[in-house]
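Engineer: Pasting coords.tsv below, which is TSV, C-alpha atoms.
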chain	number	residue	atom	x	y	z
A	18	MET	CA	259.15	-16.98	212.50
A	19	SER	CA	257.44	-20.20	211.45
A	20	GLU	CA	256.35	-22.76	214.01
A	21	GLY	CA	258.36	-25.84	214.87
A	22	PHE	CA	261.84	-24.35	214.49
A	23	THR	CA	264.43	-23.55	217.11
A	24	PRO	CA	266.13	-20.17	216.53
A	25	GLY	CA	269.31	-21.91	215.36
A	26	GLN	CA	267.43	-24.03	212.83
A	27	TYR	CA	265.46	-21.00	211.66
A	28	ILE	CA	268.65	-19.05	210.94
A	29	GLN	CA	270.24	-22.05	209.25
A	30	HIS	CA	267.13	-22.47	207.14
A	31	HIS	CA	267.33	-18.88	205.98
A	32	LEU	CA	271.01	-19.08	205.07
A	33	GLU	CA	270.58	-21.96	202.60
A	34	HIS	CA	270.53	-21.28	198.88
A	35	LEU	CA	268.31	-22.76	196.24
A	36	THR	CA	270.97	-24.74	194.42
A	37	LEU	CA	271.24	-26.43	191.07
A	38	ASN	CA	273.68	-29.28	190.71
A	39	LEU	CA	275.44	-28.71	187.39
A	40	LYS	CA	276.54	-32.35	187.12
A	41	THR	CA	273.14	-33.97	187.47
A	42	PHE	CA	270.87	-30.91	186.87
A	43	GLN	CA	268.86	-31.58	189.98
A	44	ILE	CA	267.34	-28.72	191.94
A	45	GLY	CA	267.52	-28.76	195.70
A	46	ASN	CA	269.99	-29.88	198.29
A	47	HIS	CA	272.43	-31.90	196.23
A	48	ASP	CA	275.79	-30.57	197.21
A	49	ALA	CA	278.18	-30.71	194.28
A	50	GLY	CA	281.00	-28.59	195.65
A	51	PHE	CA	282.34	-26.37	192.91
A	52	TRP	CA	279.66	-27.37	190.38
A	53	THR	CA	276.80	-25.88	192.35
A	54	LEU	CA	274.88	-22.99	190.86
A	55	ASN	CA	273.00	-20.81	193.31
A	56	LEU	CA	269.81	-20.45	191.31
A	57	ASP	CA	268.24	-17.85	193.59
A	58	THR	CA	271.18	-15.44	193.27
A	59	PHE	CA	271.29	-15.99	189.54
A	60	ILE	CA	267.56	-15.53	188.91
A	61	VAL	CA	267.10	-12.49	191.16
A	62	SER	CA	270.15	-10.64	189.83
A	63	ALA	CA	269.19	-11.42	186.21
A	64	LEU	CA	265.61	-10.23	186.79
A	65	ILE	CA	266.90	-7.01	188.33
A	66	ALA	CA	269.28	-6.46	185.43
A	67	ILE	CA	266.46	-6.98	182.91
A	68	PHE	CA	264.15	-4.66	184.85
A	69	MET	CA	266.86	-2.01	184.93
A	70	MET	CA	267.63	-2.32	181.23
A	71	VAL	CA	263.97	-2.15	180.21
A	72	THR	CA	263.25	0.86	182.43
A	73	LEU	CA	266.31	2.82	181.32
A	74	GLY	CA	265.64	1.85	177.70
A	75	LEU	CA	262.06	3.12	177.90
A	76	VAL	CA	263.23	6.38	179.45
A	77	ALA	CA	265.88	6.82	176.79
A	78	ARG	CA	263.38	6.17	173.99
A	79	ARG	CA	260.75	8.55	175.35
A	80	MET	CA	263.25	11.27	176.16
A	81	THR	CA	261.95	14.78	175.56
A	82	ALA	CA	263.82	18.03	175.53
A	83	GLY	CA	260.65	19.74	176.79
A	84	VAL	CA	259.11	19.21	180.21
A	85	PRO	CA	260.46	15.87	181.43
A	86	GLY	CA	258.35	13.33	183.30
A	87	LYS	CA	259.12	12.24	186.84
A	88	LEU	CA	260.96	9.10	185.79
A	89	GLN	CA	263.07	10.96	183.25
A	90	ASN	CA	263.91	13.56	185.87
A	91	PHE	CA	264.98	10.87	188.30
A	92	VAL	CA	267.13	9.07	185.74
A	93	GLU	CA	268.72	12.35	184.69
A	94	ILE	CA	269.62	13.18	188.30
A	95	ILE	CA	271.33	9.80	188.76
A	96	LEU	CA	273.08	10.09	185.39
A	97	ASP	CA	274.38	13.57	186.16
A	98	PHE	CA	275.53	12.48	189.59
A	99	VAL	CA	277.42	9.46	188.26
A	100	ASP	CA	278.91	11.45	185.40
A	101	LYS	CA	280.10	14.18	187.76
A	102	THR	CA	281.61	11.64	190.17
A	103	VAL	CA	283.47	9.90	187.36
A	104	HIS	CA	284.89	13.08	185.90
A	105	GLU	CA	286.02	14.35	189.30
A	106	VAL	CA	288.38	11.39	189.57
A	107	PHE	CA	289.06	10.51	185.96
A	108	HIS	CA	290.30	13.23	183.65
A	109	THR	CA	290.73	11.51	180.30
A	110	ARG	CA	287.78	11.62	177.90
A	111	THR	CA	285.78	8.42	178.20
A	112	VAL	CA	282.34	7.03	177.45
A	113	PHE	CA	283.00	3.57	178.77
A	114	LEU	CA	283.69	4.41	182.40
A	115	PRO	CA	280.54	6.46	183.17
A	116	SER	CA	278.34	3.76	181.66
A	117	LEU	CA	280.15	1.08	183.66
A	118	ALA	CA	279.79	3.17	186.81
A	119	LEU	CA	276.09	3.79	186.20
A	120	THR	CA	275.45	0.08	185.63
A	121	ILE	CA	277.34	-0.90	188.77
A	122	PHE	CA	275.66	1.73	190.91
A	123	LEU	CA	272.09	0.96	189.88
A	124	TRP	CA	272.50	-2.79	189.76
A	125	VAL	CA	274.25	-3.10	193.11
A	126	PHE	CA	271.79	-0.67	194.66
A	127	LEU	CA	268.76	-2.62	193.44
A	128	MET	CA	270.26	-5.95	194.46
A	129	ASN	CA	271.00	-4.55	197.91
A	130	ALA	CA	267.48	-3.12	198.10
A	131	MET	CA	266.09	-6.68	198.01
A	132	ASP	CA	267.27	-6.80	201.62
A	133	LEU	CA	264.41	-4.50	202.57
A	134	LEU	CA	261.78	-7.11	201.66
A	135	PRO	CA	260.53	-8.97	204.73
A	136	VAL	CA	262.82	-11.96	205.32
A	137	ASP	CA	260.02	-14.53	205.30
A	138	ALA	CA	257.88	-13.10	202.47
A	139	VAL	CA	259.51	-14.53	199.36
A	140	PRO	CA	260.66	-17.89	200.79
A	141	HIS	CA	257.17	-18.41	202.24
A	142	MET	CA	255.41	-17.70	198.94
A	143	LEU	CA	257.80	-19.93	197.04
A	144	GLY	CA	257.36	-22.54	199.75
A	145	TYR	CA	253.85	-23.15	198.36
A	146	ALA	CA	255.49	-23.88	195.01
A	147	GLY	CA	257.59	-26.53	196.70
A	148	LEU	CA	260.92	-24.71	196.87
A	149	GLU	CA	262.46	-25.15	200.28
A	150	HIS	CA	265.14	-22.46	200.37
A	151	PHE	CA	265.33	-19.10	198.66
A	152	LYS	CA	267.63	-16.19	199.43
A	153	VAL	CA	266.41	-12.97	197.85
A	154	VAL	CA	269.51	-10.82	198.31
A	155	PRO	CA	272.00	-11.60	195.56
A	156	THR	CA	274.74	-9.46	197.08
A	157	ALA	CA	274.57	-11.42	200.34
A	158	ASP	CA	276.01	-14.31	198.35
A	159	PRO	CA	279.82	-14.15	198.03
A	160	ASN	CA	279.58	-15.76	194.59
A	161	ALA	CA	277.78	-12.73	193.18
A	162	THR	CA	280.07	-10.15	194.76
A	163	PHE	CA	283.20	-12.04	193.76
A	164	ALA	CA	281.87	-12.41	190.21
A	165	MET	CA	281.52	-8.64	189.99
A	166	SER	CA	284.86	-7.85	191.60
A	167	ILE	CA	286.74	-10.36	189.46
A	168	SER	CA	285.22	-8.80	186.33
A	169	ILE	CA	286.50	-5.46	187.55
A	170	PHE	CA	289.88	-7.01	188.25
A	171	ALA	CA	289.99	-8.18	184.63
A	172	LEU	CA	289.15	-4.64	183.51
A	173	ILE	CA	291.93	-3.22	185.68
A	174	ILE	CA	294.46	-5.58	184.09
A	175	PHE	CA	293.11	-4.83	180.62
A	176	PHE	CA	293.43	-1.07	181.06
A	177	ASN	CA	296.85	-1.40	182.67
A	178	ILE	CA	298.12	-3.25	179.60
A	179	LYS	CA	296.21	-1.11	177.08
A	180	VAL	CA	297.33	2.26	178.44
A	181	LYS	CA	300.89	1.53	179.57
A	182	ARG	CA	302.02	-1.23	177.18
A	183	HIS	CA	305.75	-1.79	177.70
A	184	HIS	CA	305.91	0.90	180.40
A	185	LEU	CA	303.88	-1.41	182.62
A	186	LEU	CA	306.77	-3.79	183.18
A	187	HIS	CA	309.11	-0.89	183.82
A	188	GLU	CA	306.66	0.58	186.32
A	189	MET	CA	306.20	-2.75	188.11
A	190	MET	CA	309.96	-3.16	188.44
A	191	THR	CA	310.93	0.35	189.58
A	192	PHE	CA	308.04	1.63	191.67
A	193	PRO	CA	308.14	2.36	194.68
A	194	PHE	CA	311.75	1.50	195.68
A	195	GLY	CA	313.86	2.03	192.57
A	196	LYS	CA	315.36	-0.51	190.21
A	197	TRP	CA	317.75	-2.30	192.58
A	198	MET	CA	314.87	-3.59	194.70
A	199	PHE	CA	312.90	-5.01	191.77
A	200	PRO	CA	311.81	-8.34	193.38
A	201	VAL	CA	310.32	-6.42	196.30
A	202	ASN	CA	308.66	-3.95	193.93
A	203	ILE	CA	307.04	-6.73	191.89
A	204	ALA	CA	305.86	-8.53	195.01
A	205	PHE	CA	304.36	-5.33	196.39
A	206	ARG	CA	302.61	-4.58	193.13
A	207	LEU	CA	301.16	-8.08	192.83
A	208	ILE	CA	299.87	-8.03	196.41
A	209	GLU	CA	298.40	-4.57	195.88
A	210	GLU	CA	296.53	-5.65	192.76
A	211	CYS	CA	295.28	-8.94	194.20
A	212	VAL	CA	293.93	-7.31	197.33
A	213	LYS	CA	291.63	-5.08	195.26
A	214	PRO	CA	289.06	-7.66	194.09
A	215	ILE	CA	289.09	-9.47	197.43
A	216	SER	CA	288.44	-6.39	199.52
A	217	LEU	CA	285.87	-5.08	197.03
A	218	ALA	CA	283.89	-8.31	197.13
A	219	LEU	CA	284.22	-9.00	200.83
A	220	ARG	CA	283.16	-5.49	201.77
A	221	LEU	CA	279.88	-5.66	199.88
A	222	PHE	CA	279.20	-9.25	200.90
A	223	GLY	CA	279.98	-8.59	204.55
A	224	ASN	CA	277.70	-5.60	204.81
A	225	MET	CA	274.77	-7.24	203.07
A	226	PHE	CA	275.19	-10.53	204.93
A	227	ALA	CA	275.35	-8.58	208.19
A	228	GLY	CA	272.18	-6.69	207.34
A	229	GLU	CA	270.35	-9.85	206.38
A	230	LEU	CA	271.42	-11.75	209.48
A	231	ILE	CA	270.27	-8.93	211.72
A	232	PHE	CA	266.89	-8.87	209.96
A	233	ILE	CA	266.65	-12.63	210.53
A	234	LEU	CA	267.57	-12.20	214.21
A	235	ILE	CA	264.84	-9.55	214.50
A	236	ALA	CA	262.40	-11.96	212.84
A	237	ILE	CA	263.04	-14.49	215.62
A	238	LEU	CA	261.51	-12.13	218.18
A	239	PRO	CA	257.79	-12.48	218.92
A	240	TRP	CA	255.72	-10.62	216.32
A	241	TRP	CA	254.56	-7.83	218.65
A	242	VAL	CA	258.08	-6.54	219.42
A	243	GLN	CA	259.49	-6.92	215.90
A	244	TRP	CA	258.30	-3.56	214.65
A	245	PRO	CA	260.50	-1.04	216.52
A	246	PRO	CA	263.89	-2.76	215.96
A	247	GLY	CA	262.86	-3.81	212.45
A	248	ALA	CA	261.91	-0.25	211.50
A	249	ILE	CA	265.06	1.25	213.02
A	250	TRP	CA	267.33	-1.26	211.31
A	251	ALA	CA	265.50	-0.90	207.99
A	252	ILE	CA	265.91	2.88	208.02
A	253	PHE	CA	269.58	2.55	208.91
A	254	HIS	CA	269.93	-0.10	206.25
A	255	ILE	CA	268.64	2.24	203.53
A	256	LEU	CA	271.72	4.36	204.25
A	257	ILE	CA	274.01	1.32	204.17
A	258	ILE	CA	272.74	-0.09	200.88
A	259	THR	CA	273.11	3.27	199.13
A	260	LEU	CA	276.52	3.81	200.66
A	261	GLN	CA	277.77	0.37	199.65
A	262	ALA	CA	276.47	0.73	196.09
A	263	PHE	CA	278.13	4.14	195.87
A	264	LEU	CA	281.34	2.76	197.34
A	265	PHE	CA	281.49	-0.14	194.91
A	266	MET	CA	281.07	2.31	192.03
A	267	MET	CA	283.56	4.80	193.48
A	268	LEU	CA	286.26	2.20	194.10
A	269	THR	CA	285.82	0.82	190.59
A	270	ILE	CA	286.35	4.30	189.17
A	271	ILE	CA	289.36	4.89	191.40
A	272	TYR	CA	290.95	1.54	190.53
A	273	ILE	CA	290.45	2.01	186.80
A	274	SER	CA	291.76	5.57	186.90
A	275	MET	CA	294.78	4.23	188.83
A	276	ALA	CA	295.33	1.82	185.97
A	277	HIS	CA	295.48	4.85	183.64
A	278	ASP	CA	297.88	6.88	185.77
A	279	THR	CA	301.56	6.50	185.04
A	280	HIS	CA	304.13	7.10	187.68
B	7	MET	CA	279.54	-35.55	234.08
B	8	GLU	CA	283.00	-35.05	232.65
B	9	LEU	CA	281.47	-34.73	229.18
B	10	VAL	CA	279.15	-31.99	230.38
B	11	SER	CA	282.05	-30.02	231.78
B	12	VAL	CA	284.02	-30.42	228.53
B	13	ILE	CA	281.04	-29.22	226.46
B	14	GLY	CA	280.53	-26.37	228.88
B	15	GLN	CA	284.16	-25.38	228.52
B	16	VAL	CA	283.95	-25.33	224.71
B	17	GLN	CA	280.78	-23.29	224.86
B	18	SER	CA	282.21	-20.80	227.30
B	19	PHE	CA	285.26	-20.26	225.11
B	20	SER	CA	282.99	-19.80	222.07
B	21	VAL	CA	280.98	-17.19	223.93
B	22	LEU	CA	284.20	-15.38	224.81
B	23	ALA	CA	285.28	-15.53	221.18
B	24	ALA	CA	281.93	-14.16	220.02
B	25	GLY	CA	282.17	-11.39	222.60
B	26	LEU	CA	285.66	-10.49	221.41
B	27	LEU	CA	284.56	-10.50	217.76
B	28	ILE	CA	281.69	-8.15	218.47
B	29	SER	CA	283.39	-5.89	220.98
B	30	LEU	CA	286.71	-5.39	219.17
B	31	ALA	CA	284.87	-4.56	215.96
B	32	ALA	CA	282.74	-2.04	217.84
B	33	LEU	CA	285.83	-0.59	219.52
B	34	GLY	CA	287.67	-0.24	216.22
B	35	THR	CA	284.84	1.44	214.36
B	36	GLY	CA	284.10	3.61	217.37
B	37	ILE	CA	287.64	5.00	217.39
B	38	GLY	CA	287.66	5.23	213.60
B	39	PHE	CA	284.37	7.07	213.34
B	40	GLY	CA	285.39	9.39	216.14
B	41	LEU	CA	288.59	10.38	214.35
B	42	LEU	CA	286.82	10.62	211.00
B	43	GLY	CA	283.92	12.74	212.23
B	44	GLY	CA	286.21	14.96	214.27
B	45	LYS	CA	288.50	15.63	211.32
B	46	PHE	CA	285.48	16.26	209.10
B	47	LEU	CA	284.12	18.86	211.51
B	48	GLU	CA	287.55	20.47	211.76
B	49	GLY	CA	287.79	20.64	208.01
B	50	VAL	CA	284.31	22.14	207.65
B	51	ALA	CA	284.98	24.65	210.42
B	52	ARG	CA	288.12	25.76	208.61
B	53	GLN	CA	286.57	25.93	205.16
B	54	PRO	CA	282.76	25.75	205.26
B	55	GLU	CA	282.45	26.06	201.48
B	56	LEU	CA	284.12	22.64	201.04
B	57	GLY	CA	281.46	20.96	203.21
B	58	GLY	CA	279.67	19.10	200.42
B	59	MET	CA	282.81	17.66	198.90
B	60	LEU	CA	284.22	16.69	202.28
B	61	MET	CA	280.98	14.99	203.23
B	62	ILE	CA	281.10	12.73	200.17
B	63	ARG	CA	284.74	11.87	200.91
B	64	MET	CA	283.81	11.21	204.52
B	65	PHE	CA	281.09	8.80	203.48
B	66	ILE	CA	283.50	6.94	201.21
B	67	VAL	CA	285.90	6.45	204.09
B	68	ALA	CA	283.02	5.63	206.43
B	69	GLY	CA	281.95	2.88	204.07
B	70	LEU	CA	285.50	1.53	203.97
B	71	LEU	CA	285.69	1.68	207.74
B	72	ASP	CA	282.34	0.09	208.35
B	73	ALA	CA	282.71	-2.97	206.17
B	74	PHE	CA	285.15	-5.24	207.92
B	75	ALA	CA	283.75	-4.44	211.33
B	76	ALA	CA	280.34	-5.52	210.01
B	77	ILE	CA	281.79	-8.87	208.92
B	78	SER	CA	283.36	-9.39	212.33
B	79	ILE	CA	280.17	-8.49	214.19
B	80	VAL	CA	278.10	-10.79	212.04
B	81	PHE	CA	280.35	-13.77	212.57
B	82	GLY	CA	280.18	-13.05	216.28
B	83	LEU	CA	276.38	-13.01	216.16
B	84	TYR	CA	276.37	-16.13	213.98
B	85	LEU	CA	278.51	-17.99	216.50
B	86	PHE	CA	276.29	-16.74	219.30
B	87	PHE	CA	272.82	-17.38	217.89
B	88	ALA	CA	272.90	-19.63	214.85
B	89	SER	CA	275.32	-22.52	215.01
B	90	ASN	CA	278.47	-23.23	216.90
B	91	PRO	CA	280.61	-25.68	214.90
B	92	PHE	CA	283.06	-26.21	217.80
B	93	ALA	CA	280.41	-27.21	220.30
B	94	ALA	CA	278.66	-29.28	217.64
B	95	ALA	CA	281.88	-31.24	217.00
B	96	VAL	CA	282.30	-31.97	220.72
B	97	ILE	CA	278.65	-33.00	221.07
B	98	ASN	CA	278.96	-35.33	218.07
B	99	ALA	CA	282.10	-36.89	219.53
B	100	ALA	CA	280.31	-37.31	222.86
B	101	LYS	CA	277.39	-39.03	221.12
B	102	THR	CA	279.66	-41.55	219.39
B	103	THR	CA	281.59	-42.35	222.58
B	104	THR	CA	278.47	-42.81	224.70
B	105	ALA	CA	276.82	-44.91	221.99
B	106	GLY	CA	279.87	-47.10	221.44
Written as structure tokens, how would this file's structure read?
Structural biologist:
Amino acid sequence: MSEGFTPGQYIQHHLEHLTLNLKTFQIGNHDAGFWTLNLDTFIVSALIAIFMMVTLGLVARRMTAGVPGKLQNFVEIILDFVDKTVHEVFHTRTVFLPSLALTIFLWVFLMNAMDLLPVDAVPHMLGYAGLEHFKVVPTADPNATFAMSISIFALIIFFNIKVKRHHLLHEMMTFPFGKWMFPVNIAFRLIEECVKPISLALRLFGNMFAGELIFILIAILPWWVQWPPGAIWAIFHILIITLQAFLFMMLTIIYISMAHDTH
Amino acid sequence: MELVSVIGQVQSFSVLAAGLLISLAALGTGIGFGLLGGKFLEGVARQPELGGMLMIRMFIVAGLLDAFAAISIVFGLYLFFASNPFAAAVINAAKTTTAG
């Protein structure tokens, strides 16, 4: 913890984003309501995506059928795992869904893994460059998680329409209570679909925000007692970030396979 | 003096609210994890060869279970340690009345 802050101010300081006002294009604390872009979330998630694409691209280009290197082995394990998970749930032949699942899993996992960096490290370094606030964990920002879950919501709607066509309306009207209760059926269906993106986004955001806040609370302690709780929480957090990345991927697969199922 | 007691009252209610947020979340996940782990062990005891598959399913449900409790706990901690908007509003109102 830096000098000259009360604990409350320190936490507040760490929960502020580096923002860009899209009306005036000024960086810093110019609150523009809806037209604010959280630059830190955007930059970190884009960098991670580029890193992931380059690494996977290199592995794919240098692929050998002979003795694979360590990186290739690792990528193959993840690929097999994701492919197996997808095909356990989803039985139609598909190339799109495993690639979507792999992207989501790796990207969310790496974004979550930013949580394991020391809370003061990156903001402190960038502080010398004159940037006051910087949050390194993109998934601890509801904007990022909602962006992902709304994209998945769009995919769910797309697949619903593509697979079922005119049966969709019939299904919405008659499931689960039969055709005489059709207003109730439609209301139920709409609620069910709209809850999906919200719960998907809030779950990831809540977990990552919780993890980050607890790391910040640990950072308030004097430096000589930080290590035991920090280490324990970090080890526990490795489990949580993997679990949440897996869960985001798993729920996406389940939702999209539900869009393919006809009643 | 009256102001101090009003502020104290708001703060004490906020502390109670934070305590409820944290404790109810802990209670809920405690019960949930107990049921989940117990059922998992039952399932594995009945059919040990399904252990791997059941474990993955258990972790999925554990992740579902964990999430909203984590949100609740964090907002409790936030209210407790970081900033209390209710007390801040009262303190601001007190400042304007004593100044004016």
Engineer: Using atom CA of Trp52 of chain A and atom CA of Leu39 of chain A as the two end points, give the distance in Å to one decimal.
Structural biologist: 5.3 Å
Engineer: Given only C-alpha atoms as the basis, pick out the residue of B:Met61, B:Ala76, B:Ile28, B:Ile13 nearest to chain A.
Structural biologist: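 For chain A, the nearest of the candidates is B:Ala76.
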Engineer: Considering all atoms listed in the file, extract the chain B residues located within 6 Å of chain A and return them as a PyMOL selection string.
Structural biologist: chain B and resi 73+76-77+80+88
Engineer: Put those residues in a file: C-alpha atoms, as a PDB file, in the frame of the given file.
Structural biologist:
ATOM      1  CA  ALA B  73     282.710  -2.970 206.170  1.00  0.00           C
ATOM      2  CA  ALA B  76     280.340  -5.520 210.010  1.00  0.00           C
ATOM      3  CA  ILE B  77     281.790  -8.870 208.920  1.00  0.00           C
ATOM      4  CA  VAL B  80     278.100 -10.790 212.040  1.00  0.00           C
ATOM      5  CA  ALA B  88     272.900 -19.630 214.850  1.00  0.00           C
TER       6      ALA B  88
END
Engineer: May I have the protein, DNA and RNA residues with an atom at most 10 Å from (286.4, -5.3, 216.7), counting only C-alpha atoms in the file's coordinates, returned as JSON, numbers by chain?
Structural biologist: {"B": [25, 26, 27, 28, 29, 30, 31, 32, 33, 34, 35, 36, 74, 75, 76, 77, 78, 79, 82]}
Engineer: Which neighbours of segment 113-127 of chain A fall inside 8 Å, counting all atoms listed in the file, when residues of the same chain fewer than 2 positions from it are skipped, and could you give them as JSON, numbers by chain?
Structural biologist: {"A": [65, 66, 69, 96, 99, 100, 103, 111, 129, 130, 131, 156, 258, 259, 261, 262, 263, 265, 266, 267, 269, 270]}
